[in-house]
Structure formats: structure tokens, C-alpha cells
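*Asks:* Take a look at the following structure, please.
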Amino acid sequence: MKLPPRFIIIDANVLACVFDPKNKLHVEFSPVKKGVERRRLTIAFGGTRYLKEIKKMPNYLRLIGQFVTANKAKSFDDQEIDKQEQRIIRATSDSKFDDQHIIAIQVVSKARVICSHDMRAHPFFKNRDLYPKNHPLPKIYTCKKNAKACLGR
């Protein structure tokens, strides 16, 4: 029996860390790359803002396209993500938080993990008030030492 995919959201700020072996932080993020390559993790993405961010990085846009073809990435409903993002923007309007789209992707995809290097966003990623009632909170992957807790290794 095939298990359902374990979704992970890879913030644009760490795409190079995850997928570029020459990146100085690649060692810390290599477990994420291995998880995707070995089909233990499926990249969840979508929404106007996330797509706009990765379009600025054509190599990673192509790579994600290849992952979609290989069933290692899945695009979720852009309109639903944008709708959730607007709700979260309203809830965080008095802060400097600028990754509402990441939470929106998590709400729609129910991804178990958010991979991000933006430490100032982490309290928001864990803020239960930004998620629907009874929605599971994601784990946050930041470095190799939390690979087991986040990726189930």
C-alpha cells in the first residue's frame, strides 16, 4: 500500500541551501534534498506570491517543474492559497512579518514541515492563531540537527 506524501514547504530563502551543493549552508539542508530525491518528502507550493518569488530564480523554477513531473512536488490551488494569505495578512498587519504566503501554503497543503532560514518568521509559523481551529502546526526545519524531529529520521 502506498503511503500518502509527506509534504514540505521550502521557503524561497533556502532553495539554494537545499539544492546547491556549493552553497555554504548546503550541509545543513542536505537532508531535505535527500528526502525529496528519495521520495520521502514532496514539495508543496503554490500561490501568487510564492510563484513570483521562485520566478526570480529560473534555475529553481525549472527544478521544481522537474520535481512536479517526477511526482516529487505538488502545486496546490493558487486561489485558495491567495485567499488564506489575505486572511493571514489581515491578522498580522501590525507586524513586520512578510511570509504569510508560507503559512497559507501550509494551511492548504497541510504540509508537516516548513523549511526556512528566516528566524524572525518562526514565531509566526508556530502561532496557532494564524491557523484554522484544530489545524496541525508544522515543524520547522532549520538545520541538520533537527532533521530527525522534522523529517522523521
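Identifiers for the C-alpha cells are assigned positionally: chains receive A, B, ... in sequence, residues are indexed from 1 per chain, and ligands are indexed from 1 in the order shown.
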Quick one: residues within 9 Å of His26 (chain A), only C-alpha atoms counted, chain neighbours fewer than 6 positions away excluded, as a short mmCIF file (atom, residue, chain, number, x, y, z; two decimals) with N, CA and C atoms, in the first residue's frame?
*Replies:*
data_model
loop_
_atom_site.label_atom_id
_atom_site.label_comp_id
_atom_site.auth_asym_id
_atom_site.auth_seq_id
_atom_site.Cartn_x
_atom_site.Cartn_y
_atom_site.Cartn_z
N ALA A 16 18.45 27.61 -2.46
CA ALA A 16 19.87 27.41 -2.79
C ALA A 16 20.55 26.57 -1.72
N CYS A 17 20.21 26.78 -0.46
CA CYS A 17 20.80 25.99 0.62
C CYS A 17 20.47 24.51 0.47
N VAL A 18 19.27 24.22 0.04
CA VAL A 18 18.82 22.84 -0.10
C VAL A 18 19.41 22.19 -1.35
N PHE A 19 19.37 22.88 -2.48
CA PHE A 19 19.67 22.22 -3.74
C PHE A 19 21.02 22.54 -4.38
N ASP A 20 21.74 23.52 -3.87
CA ASP A 20 23.04 23.87 -4.46
C ASP A 20 24.17 23.35 -3.58
#
*Asks:* Skip region 139-144 of chain A itself and residues of its chain fewer than 5 positions away, then list as a PyMOL selection string all residues within 8 Å of it, counting only C-alpha atoms.
*Replies:* chain A and resi 27-31+112-117+122+125+150
*Asks:* May I have the residues from that selection written out with C-alpha atoms, as a PDB file, in the first residue's frame?
*Replies:*
ATOM      1  CA  VAL A  27      25.389  20.584   4.531  1.00  0.00           C
ATOM      2  CA  GLU A  28      22.765  21.815   6.989  1.00  0.00           C
ATOM      3  CA  PHE A  29      19.948  21.478   4.451  1.00  0.00           C
ATOM      4  CA  SER A  30      21.084  18.371   2.556  1.00  0.00           C
ATOM      5  CA  PRO A  31      18.688  16.055   4.483  1.00  0.00           C
ATOM      6  CA  ARG A 112       4.059  18.730   8.040  1.00  0.00           C
ATOM      7  CA  VAL A 113       7.250  20.760   7.701  1.00  0.00           C
ATOM      8  CA  ILE A 114       8.295  24.275   6.725  1.00  0.00           C
ATOM      9  CA  CYS A 115      11.939  24.587   5.708  1.00  0.00           C
ATOM     10  CA  SER A 116      13.060  28.164   6.312  1.00  0.00           C
ATOM     11  CA  HIS A 117      16.102  30.113   7.387  1.00  0.00           C
ATOM     12  CA  HIS A 122       9.424  31.152  13.074  1.00  0.00           C
ATOM     13  CA  PHE A 125       4.853  29.769  11.818  1.00  0.00           C
ATOM     14  CA  CYS A 150      11.265  17.316  11.457  1.00  0.00           C
TER      15      CYS A 150
END
*Asks:* What's around Glu37 (chain A) at 10 Å? Count only C-alpha atoms, leave out sequence neighbours fewer than 4 positions away in its own chain, and write the answer as an mmCIF file with N, CA and C atoms, in the first residue's frame.
*Replies:*
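Below is the file out-v4.cif, written as the result:
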data_model
loop_
_atom_site.group_PDB
_atom_site.id
_atom_site.type_symbol
_atom_site.label_atom_id
_atom_site.label_comp_id
_atom_site.auth_asym_id
_atom_site.auth_seq_id
_atom_site.Cartn_x
_atom_site.Cartn_y
_atom_site.Cartn_z
ATOM 1 N N PRO A 31 19.704 17.076 4.207
ATOM 2 C CA PRO A 31 18.688 16.055 4.483
ATOM 3 C C PRO A 31 17.351 16.339 3.783
ATOM 4 N N VAL A 32 17.034 17.607 3.579
ATOM 5 C CA VAL A 32 15.798 17.949 2.872
ATOM 6 C C VAL A 32 15.921 17.512 1.409
ATOM 7 N N LYS A 33 17.051 17.826 0.800
ATOM 8 C CA LYS A 33 17.280 17.422 -0.600
ATOM 9 C C LYS A 33 17.180 15.902 -0.744
ATOM 10 N N LEU A 41 9.769 12.924 0.931
ATOM 11 C CA LEU A 41 9.130 14.227 1.079
ATOM 12 C C LEU A 41 8.662 14.698 -0.290
ATOM 13 N N THR A 42 7.544 15.401 -0.297
ATOM 14 C CA THR A 42 7.027 16.011 -1.523
ATOM 15 C C THR A 42 6.924 17.511 -1.269
ATOM 16 N N PHE A 67 10.569 18.397 -10.624
ATOM 17 C CA PHE A 67 10.048 17.649 -9.480
ATOM 18 C C PHE A 67 8.556 17.371 -9.636
ATOM 19 N N ALA A 70 8.172 14.492 -11.897
ATOM 20 C CA ALA A 70 8.605 13.255 -11.244
ATOM 21 C C ALA A 70 7.780 12.925 -9.989
ATOM 22 N N LYS A 72 7.574 14.603 -7.278
ATOM 23 C CA LYS A 72 8.312 14.960 -6.070
ATOM 24 C C LYS A 72 7.904 16.336 -5.568
#
*Asks:* According to DSSP computed on the backbone, where in chain A is there strand (DSSP E or B)? Give the residues as a PyMOL selection string.
*Replies:* chain A and resi 7-10+42-45+73-75+113-115+139-141
*Asks:* Assign secondary structure with DSSP using the backbone only, and return the residues of region 71-144 of chain A in helix (DSSP H, G or I) as a PyMOL selection string.
*Replies:* chain A and resi 78-91+100-109+119-125+128-130+144
*Asks:* For region 79-92 of chain A, list every protein, DNA or RNA residue within 12 Å, evaluated using only C-alpha atoms, and leave out those in the same chain fewer than 6 positions away; present the list as a ChimeraX atom specification.
*Replies:* /A:44-51,98-110,121,123-125,127-132
*Asks:* Find the distance between CA of Ser93 (chain A) and CA of Asn134 (chain A) and write it in Å to one decimal.
*Replies:*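 Computing the Euclidean distance for CA of Ser93 (chain A) and CA of Asn134 (chain A) yields 23.1 Å.
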*Asks:* Find the distance between CA of Ile43 (chain A) and CA of Ser75 (chain A) and write it in Å to one decimal.
*Replies:*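 Spanning CA of Ile43 (chain A) to CA of Ser75 (chain A) is a straight-line distance of 8.4 Å.
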